[in-house]
Amino acid sequence: MYRKIMGFLTAWKESGHRKPLILQGAGQVGKTYSVLEFGRTHYENVAYKNLAADDILYMSEELNDFKGGMAENYVSVHLVMNGYSACYWESKRGAEIDFVIQRNGRLIPVEVKSSDNTRAKSLKVYVDTYKSDYAIKISAKNFGFEDGKKTVPLYAVFCV
């Protein structure tokens, strides 16, 4: 069955400036079917993994080693979809911030935690060094604001 999306997918594949493919839309309209069919007809191999946020928050034991990277990738996709150019920051002493975004001319550090342990020493180092108005911590915890840190649940990262 040919769908209109196949033309868009073909144009994406042939583009010299191709970026990662993100399909989004209403449920049950054929996104999964279309992308798998496109993969079967245009590529030798296709790998498929369906993740939004429960898979990352409540992941099975065999995927625990990848939980942090998957959470950061999930957040990265949403930041880019919201129009941010996300950068990474590292201090000379090894403190790291997953993302630094610019909002209203201000730099805002964003730290991603995939588990319930949400201590973020690097976030404190960044805020103390650069005197940020606030920082954003994305984790499994609920919305909150404490000590200049906005906490956003992983499932609601689209709100950033």
# chains A, B, ... in the order shown; residues from 1 in each chain; ligands from 1

$ select_by_dssp --residues "chain A" --states "strand (DSSP E)" --output "PyMOL selection string"
chain A and resi 87-90+96-103+106-112+135-139+144-146+149-153

$ closest_residue --among "A:Cys159, A:Val46, A:Val75, A:Ile136" --to "Ile108 (chain A)" --atoms "only C-alpha atoms"
A:Ile136

$ select_by_dssp --residues "chain A" --states "alpha helix (DSSP H)" --output "PDB file with N, CA and C atoms, in the first residue's frame"
ATOM      1  N   LYS A   4       1.191   8.624   1.141  1.00  0.00           N
ATOM      2  CA  LYS A   4       1.810   9.911   0.825  1.00  0.00           C
ATOM      3  C   LYS A   4       3.149  10.088   1.566  1.00  0.00           C
ATOM      4  N   ILE A   5       3.235   9.545   2.785  1.00  0.00           N
ATOM      5  CA  ILE A   5       4.448   9.685   3.585  1.00  0.00           C
ATOM      6  C   ILE A   5       5.659   9.059   2.902  1.00  0.00           C
ATOM      7  N   MET A   6       5.448   8.054   2.050  1.00  0.00           N
ATOM      8  CA  MET A   6       6.571   7.393   1.378  1.00  0.00           C
ATOM      9  C   MET A   6       7.367   8.384   0.532  1.00  0.00           C
ATOM     10  N   GLY A   7       6.685   9.331  -0.091  1.00  0.00           N
ATOM     11  CA  GLY A   7       7.383  10.364  -0.866  1.00  0.00           C
ATOM     12  C   GLY A   7       8.260  11.236   0.025  1.00  0.00           C
ATOM     13  N   PHE A   8       7.748  11.595   1.211  1.00  0.00           N
ATOM     14  CA  PHE A   8       8.531  12.393   2.159  1.00  0.00           C
ATOM     15  C   PHE A   8       9.726  11.602   2.682  1.00  0.00           C
ATOM     16  N   LEU A   9       9.523  10.317   2.962  1.00  0.00           N
ATOM     17  CA  LEU A   9      10.618   9.479   3.451  1.00  0.00           C
ATOM     18  C   LEU A   9      11.700   9.290   2.389  1.00  0.00           C
ATOM     19  N   THR A  10      11.279   9.131   1.139  1.00  0.00           N
ATOM     20  CA  THR A  10      12.244   8.995   0.039  1.00  0.00           C
ATOM     21  C   THR A  10      13.054  10.280  -0.115  1.00  0.00           C
ATOM     22  N   ALA A  11      12.385  11.433  -0.042  1.00  0.00           N
ATOM     23  CA  ALA A  11      13.093  12.721  -0.138  1.00  0.00           C
ATOM     24  C   ALA A  11      14.076  12.874   1.028  1.00  0.00           C
ATOM     25  N   TRP A  12      13.667  12.437   2.230  1.00  0.00           N
ATOM     26  CA  TRP A  12      14.556  12.487   3.383  1.00  0.00           C
ATOM     27  C   TRP A  12      15.794  11.627   3.141  1.00  0.00           C
ATOM     28  N   LYS A  13      15.597  10.427   2.624  1.00  0.00           N
ATOM     29  CA  LYS A  13      16.713   9.496   2.392  1.00  0.00           C
ATOM     30  C   LYS A  13      17.693  10.049   1.361  1.00  0.00           C
ATOM     31  N   GLU A  14      17.182  10.707   0.340  1.00  0.00           N
ATOM     32  CA  GLU A  14      18.024  11.190  -0.752  1.00  0.00           C
ATOM     33  C   GLU A  14      18.656  12.555  -0.472  1.00  0.00           C
ATOM     34  N   LYS A  31       2.095   5.477  11.170  1.00  0.00           N
ATOM     35  CA  LYS A  31       3.490   5.914  11.249  1.00  0.00           C
ATOM     36  C   LYS A  31       4.437   4.713  11.313  1.00  0.00           C
ATOM     37  N   THR A  32       4.168   3.791  12.226  1.00  0.00           N
ATOM     38  CA  THR A  32       5.037   2.625  12.390  1.00  0.00           C
ATOM     39  C   THR A  32       5.025   1.760  11.139  1.00  0.00           C
ATOM     40  N   TYR A  33       3.855   1.472  10.622  1.00  0.00           N
ATOM     41  CA  TYR A  33       3.755   0.669   9.409  1.00  0.00           C
ATOM     42  C   TYR A  33       4.554   1.314   8.280  1.00  0.00           C
ATOM     43  N   SER A  34       4.387   2.618   8.104  1.00  0.00           N
ATOM     44  CA  SER A  34       5.042   3.312   6.992  1.00  0.00           C
ATOM     45  C   SER A  34       6.559   3.282   7.102  1.00  0.00           C
ATOM     46  N   VAL A  35       7.081   3.575   8.281  1.00  0.00           N
ATOM     47  CA  VAL A  35       8.534   3.628   8.423  1.00  0.00           C
ATOM     48  C   VAL A  35       9.146   2.232   8.315  1.00  0.00           C
ATOM     49  N   LEU A  36       8.457   1.201   8.825  1.00  0.00           N
ATOM     50  CA  LEU A  36       8.972  -0.162   8.681  1.00  0.00           C
ATOM     51  C   LEU A  36       8.911  -0.624   7.232  1.00  0.00           C
ATOM     52  N   GLU A  37       7.845  -0.303   6.538  1.00  0.00           N
ATOM     53  CA  GLU A  37       7.729  -0.660   5.122  1.00  0.00           C
ATOM     54  C   GLU A  37       8.788   0.070   4.297  1.00  0.00           C
ATOM     55  N   PHE A  38       9.000   1.339   4.603  1.00  0.00           N
ATOM     56  CA  PHE A  38      10.041   2.119   3.930  1.00  0.00           C
ATOM     57  C   PHE A  38      11.413   1.481   4.166  1.00  0.00           C
ATOM     58  N   GLY A  39      11.684   1.109   5.411  1.00  0.00           N
ATOM     59  CA  GLY A  39      12.953   0.465   5.739  1.00  0.00           C
ATOM     60  C   GLY A  39      13.156  -0.830   4.984  1.00  0.00           C
ATOM     61  N   ARG A  40      12.110  -1.643   4.907  1.00  0.00           N
ATOM     62  CA  ARG A  40      12.207  -2.933   4.202  1.00  0.00           C
ATOM     63  C   ARG A  40      12.465  -2.746   2.710  1.00  0.00           C
ATOM     64  N   THR A  41      11.903  -1.699   2.121  1.00  0.00           N
ATOM     65  CA  THR A  41      12.040  -1.513   0.671  1.00  0.00           C
ATOM     66  C   THR A  41      13.269  -0.710   0.271  1.00  0.00           C
ATOM     67  N   HIS A  42      13.870   0.042   1.217  1.00  0.00           N
ATOM     68  CA  HIS A  42      14.994   0.909   0.864  1.00  0.00           C
ATOM     69  C   HIS A  42      16.321   0.560   1.528  1.00  0.00           C
ATOM     70  N   ASP A  54       7.945   5.692  29.589  1.00  0.00           N
ATOM     71  CA  ASP A  54       7.856   4.549  30.500  1.00  0.00           C
ATOM     72  C   ASP A  54       8.993   3.565  30.293  1.00  0.00           C
ATOM     73  N   ASP A  55       9.413   3.375  29.037  1.00  0.00           N
ATOM     74  CA  ASP A  55      10.510   2.449  28.766  1.00  0.00           C
ATOM     75  C   ASP A  55      11.797   2.917  29.426  1.00  0.00           C
ATOM     76  N   ILE A  56      11.974   4.220  29.524  1.00  0.00           N
ATOM     77  CA  ILE A  56      13.188   4.755  30.126  1.00  0.00           C
ATOM     78  C   ILE A  56      13.056   4.787  31.643  1.00  0.00           C
ATOM     79  N   LEU A  57      11.897   5.206  32.146  1.00  0.00           N
ATOM     80  CA  LEU A  57      11.709   5.314  33.588  1.00  0.00           C
ATOM     81  C   LEU A  57      11.605   3.966  34.276  1.00  0.00           C
ATOM     82  N   LYS A  67      20.241   3.042  30.238  1.00  0.00           N
ATOM     83  CA  LYS A  67      19.193   3.944  30.719  1.00  0.00           C
ATOM     84  C   LYS A  67      19.607   5.418  30.669  1.00  0.00           C
ATOM     85  N   GLY A  68      20.797   5.748  31.147  1.00  0.00           N
ATOM     86  CA  GLY A  68      21.251   7.139  31.158  1.00  0.00           C
ATOM     87  C   GLY A  68      21.371   7.721  29.760  1.00  0.00           C
ATOM     88  N   GLY A  69      22.004   6.967  28.864  1.00  0.00           N
ATOM     89  CA  GLY A  69      22.160   7.435  27.488  1.00  0.00           C
ATOM     90  C   GLY A  69      20.841   7.578  26.763  1.00  0.00           C
ATOM     91  N   MET A  70      19.923   6.652  27.029  1.00  0.00           N
ATOM     92  CA  MET A  70      18.612   6.734  26.391  1.00  0.00           C
ATOM     93  C   MET A  70      17.841   7.949  26.900  1.00  0.00           C
ATOM     94  N   ALA A  71      17.930   8.228  28.205  1.00  0.00           N
ATOM     95  CA  ALA A  71      17.247   9.388  28.764  1.00  0.00           C
ATOM     96  C   ALA A  71      17.812  10.678  28.169  1.00  0.00           C
ATOM     97  N   GLU A  72      19.139  10.769  28.061  1.00  0.00           N
ATOM     98  CA  GLU A  72      19.763  11.962  27.480  1.00  0.00           C
ATOM     99  C   GLU A  72      19.379  12.131  26.018  1.00  0.00           C
ATOM    100  N   ASN A  73      19.332  11.045  25.275  1.00  0.00           N
ATOM    101  CA  ASN A  73      18.926  11.113  23.872  1.00  0.00           C
ATOM    102  C   ASN A  73      17.478  11.573  23.748  1.00  0.00           C
ATOM    103  N   TYR A  74      16.610  11.034  24.593  1.00  0.00           N
ATOM    104  CA  TYR A  74      15.197  11.409  24.615  1.00  0.00           C
ATOM    105  C   TYR A  74      15.054  12.908  24.866  1.00  0.00           C
ATOM    106  N   VAL A  75      15.784  13.430  25.844  1.00  0.00           N
ATOM    107  CA  VAL A  75      15.737  14.859  26.165  1.00  0.00           C
ATOM    108  C   VAL A  75      16.304  15.685  25.011  1.00  0.00           C
ATOM    109  N   SER A  76      17.405  15.239  24.438  1.00  0.00           N
ATOM    110  CA  SER A  76      18.016  15.947  23.308  1.00  0.00           C
ATOM    111  C   SER A  76      17.038  16.123  22.156  1.00  0.00           C
ATOM    112  N   VAL A  77      16.324  15.061  21.825  1.00  0.00           N
ATOM    113  CA  VAL A  77      15.345  15.125  20.734  1.00  0.00           C
ATOM    114  C   VAL A  77      14.286  16.174  21.032  1.00  0.00           C
ATOM    115  N   HIS A  78      13.791  16.185  22.267  1.00  0.00           N
ATOM    116  CA  HIS A  78      12.743  17.144  22.620  1.00  0.00           C
ATOM    117  C   HIS A  78      13.262  18.580  22.658  1.00  0.00           C
ATOM    118  N   LEU A  79      14.494  18.781  23.107  1.00  0.00           N
ATOM    119  CA  LEU A  79      15.054  20.129  23.095  1.00  0.00           C
ATOM    120  C   LEU A  79      15.172  20.657  21.665  1.00  0.00           C
ATOM    121  N   VAL A  80      15.659  19.811  20.762  1.00  0.00           N
ATOM    122  CA  VAL A  80      15.789  20.208  19.357  1.00  0.00           C
ATOM    123  C   VAL A  80      14.415  20.476  18.743  1.00  0.00           C
ATOM    124  N   MET A  81      13.438  19.615  19.065  1.00  0.00           N
ATOM    125  CA  MET A  81      12.076  19.822  18.557  1.00  0.00           C
ATOM    126  C   MET A  81      11.490  21.145  19.054  1.00  0.00           C
ATOM    127  N   LYS A 121      25.806  17.316  41.488  1.00  0.00           N
ATOM    128  CA  LYS A 121      26.913  18.158  41.946  1.00  0.00           C
ATOM    129  C   LYS A 121      27.382  19.096  40.837  1.00  0.00           C
ATOM    130  N   SER A 122      27.427  18.586  39.603  1.00  0.00           N
ATOM    131  CA  SER A 122      27.897  19.400  38.482  1.00  0.00           C
ATOM    132  C   SER A 122      26.987  20.598  38.238  1.00  0.00           C
ATOM    133  N   LEU A 123      25.703  20.423  38.472  1.00  0.00           N
ATOM    134  CA  LEU A 123      24.751  21.518  38.305  1.00  0.00           C
ATOM    135  C   LEU A 123      25.059  22.638  39.295  1.00  0.00           C
ATOM    136  N   LYS A 124      25.379  22.274  40.524  1.00  0.00           N
ATOM    137  CA  LYS A 124      25.741  23.268  41.528  1.00  0.00           C
ATOM    138  C   LYS A 124      27.028  23.993  41.134  1.00  0.00           C
ATOM    139  N   VAL A 125      28.006  23.253  40.633  1.00  0.00           N
ATOM    140  CA  VAL A 125      29.264  23.870  40.191  1.00  0.00           C
ATOM    141  C   VAL A 125      28.986  24.894  39.093  1.00  0.00           C
ATOM    142  N   TYR A 126      28.170  24.527  38.106  1.00  0.00           N
ATOM    143  CA  TYR A 126      27.854  25.433  36.996  1.00  0.00           C
ATOM    144  C   TYR A 126      27.130  26.679  37.501  1.00  0.00           C
ATOM    145  N   VAL A 127      26.097  26.485  38.324  1.00  0.00           N
ATOM    146  CA  VAL A 127      25.305  27.612  38.827  1.00  0.00           C
ATOM    147  C   VAL A 127      26.167  28.545  39.671  1.00  0.00           C
ATOM    148  N   ASP A 128      27.012  27.984  40.532  1.00  0.00           N
ATOM    149  CA  ASP A 128      27.898  28.809  41.365  1.00  0.00           C
ATOM    150  C   ASP A 128      28.924  29.557  40.531  1.00  0.00           C
ATOM    151  N   THR A 129      29.427  28.923  39.481  1.00  0.00           N
ATOM    152  CA  THR A 129      30.458  29.540  38.637  1.00  0.00           C
ATOM    153  C   THR A 129      29.895  30.646  37.756  1.00  0.00           C
ATOM    154  N   TYR A 130      28.752  30.380  37.120  1.00  0.00           N
ATOM    155  CA  TYR A 130      28.220  31.314  36.122  1.00  0.00           C
ATOM    156  C   TYR A 130      27.012  32.107  36.600  1.00  0.00           C
TER     157      TYR A 130
END

$ residues_around --residues "region 138-144 of chain A" --least-positions-apart "4" --cutoff "6 Å" --atoms "only C-alpha atoms" --output "mmCIF file with all heavy atoms, in the first residue's frame"
data_model
loop_
_atom_site.group_PDB
_atom_site.id
_atom_site.type_symbol
_atom_site.label_atom_id
_atom_site.label_comp_id
_atom_site.auth_asym_id
_atom_site.auth_seq_id
_atom_site.Cartn_x
_atom_site.Cartn_y
_atom_site.Cartn_z
ATOM 1 N N VAL A 112 20.205 15.822 33.159
ATOM 2 C CA VAL A 112 19.281 14.706 32.990
ATOM 3 C C VAL A 112 19.691 13.576 33.919
ATOM 4 O O VAL A 112 20.845 13.153 33.910
ATOM 5 C CB VAL A 112 19.284 14.200 31.524
ATOM 6 C CG1 VAL A 112 18.325 13.027 31.358
ATOM 7 C CG2 VAL A 112 18.943 15.325 30.558
ATOM 8 N N LYS A 113 18.734 13.103 34.708
ATOM 9 C CA LYS A 113 18.957 11.967 35.609
ATOM 10 C C LYS A 113 17.917 10.915 35.281
ATOM 11 O O LYS A 113 16.728 11.188 35.281
ATOM 12 C CB LYS A 113 18.831 12.386 37.077
ATOM 13 C CG LYS A 113 19.877 13.396 37.516
ATOM 14 C CD LYS A 113 21.239 12.766 37.493
ATOM 15 C CE LYS A 113 22.295 13.724 38.018
ATOM 16 N NZ LYS A 113 23.630 13.197 37.872
ATOM 17 N N SER A 114 18.365 9.700 35.000
ATOM 18 C CA SER A 114 17.435 8.641 34.602
ATOM 19 C C SER A 114 16.916 7.839 35.780
ATOM 20 O O SER A 114 16.054 6.990 35.617
ATOM 21 C CB SER A 114 18.113 7.712 33.600
ATOM 22 O OG SER A 114 19.232 7.091 34.197
ATOM 23 N N ASP A 116 16.064 7.634 40.327
ATOM 24 C CA ASP A 116 15.527 8.427 41.430
ATOM 25 C C ASP A 116 16.611 9.210 42.158
ATOM 26 O O ASP A 116 16.326 10.165 42.849
ATOM 27 C CB ASP A 116 14.805 7.515 42.429
ATOM 28 C CG ASP A 116 13.496 7.000 41.866
ATOM 29 O OD1 ASP A 116 12.952 7.643 40.957
ATOM 30 O OD2 ASP A 116 13.024 5.952 42.338
ATOM 31 N N LYS A 150 14.681 23.994 38.773
ATOM 32 C CA LYS A 150 13.362 23.551 38.350
ATOM 33 C C LYS A 150 13.460 22.069 38.034
ATOM 34 O O LYS A 150 14.300 21.664 37.243
ATOM 35 C CB LYS A 150 12.909 24.291 37.088
ATOM 36 C CG LYS A 150 12.627 25.750 37.308
ATOM 37 C CD LYS A 150 12.114 26.399 36.029
ATOM 38 C CE LYS A 150 11.822 27.866 36.269
ATOM 39 N NZ LYS A 150 11.199 28.487 35.104
ATOM 40 N N THR A 151 12.610 21.270 38.649
ATOM 41 C CA THR A 151 12.582 19.833 38.361
ATOM 42 C C THR A 151 11.433 19.565 37.411
ATOM 43 O O THR A 151 10.309 19.999 37.638
ATOM 44 C CB THR A 151 12.391 19.021 39.654
ATOM 45 O OG1 THR A 151 13.449 19.350 40.557
ATOM 46 C CG2 THR A 151 12.413 17.533 39.373
ATOM 47 N N VAL A 152 11.738 18.877 36.318
ATOM 48 C CA VAL A 152 10.749 18.525 35.305
ATOM 49 C C VAL A 152 10.794 17.010 35.136
ATOM 50 O O VAL A 152 11.862 16.448 34.934
ATOM 51 C CB VAL A 152 11.066 19.217 33.955
ATOM 52 C CG1 VAL A 152 10.093 18.797 32.869
ATOM 53 C CG2 VAL A 152 11.079 20.735 34.115
ATOM 54 N N PRO A 153 9.628 16.340 35.221
ATOM 55 C CA PRO A 153 9.626 14.888 35.002
ATOM 56 C C PRO A 153 10.004 14.551 33.573
ATOM 57 O O PRO A 153 9.691 15.297 32.638
ATOM 58 C CB PRO A 153 8.173 14.472 35.277
ATOM 59 C CG PRO A 153 7.484 15.665 35.828
ATOM 60 C CD PRO A 153 8.310 16.857 35.536
ATOM 61 N N LEU A 154 10.651 13.431 33.396
ATOM 62 C CA LEU A 154 11.101 13.002 32.075
ATOM 63 C C LEU A 154 9.938 12.949 31.074
ATOM 64 O O LEU A 154 10.090 13.347 29.927
ATOM 65 C CB LEU A 154 11.784 11.639 32.183
ATOM 66 C CG LEU A 154 12.500 11.146 30.941
ATOM 67 C CD1 LEU A 154 13.627 12.089 30.543
ATOM 68 C CD2 LEU A 154 13.066 9.761 31.178
#

$ atom_distance --atom1 "CA of Val110 (chain A)" --atom2 "CA of Glu96 (chain A)"
10.4 Å

$ closest_residue --among "A:Tyr48, A:Tyr134, A:Trp89, A:Tyr84" --to "Glu146 (chain A)" --atoms "only C-alpha atoms"
A:Tyr134

$ closest_residue --among "A:Cys87, A:Ala120, A:Ile97, A:Ala52" --to "Phe158 (chain A)" --atoms "only C-alpha atoms"
A:Ala52
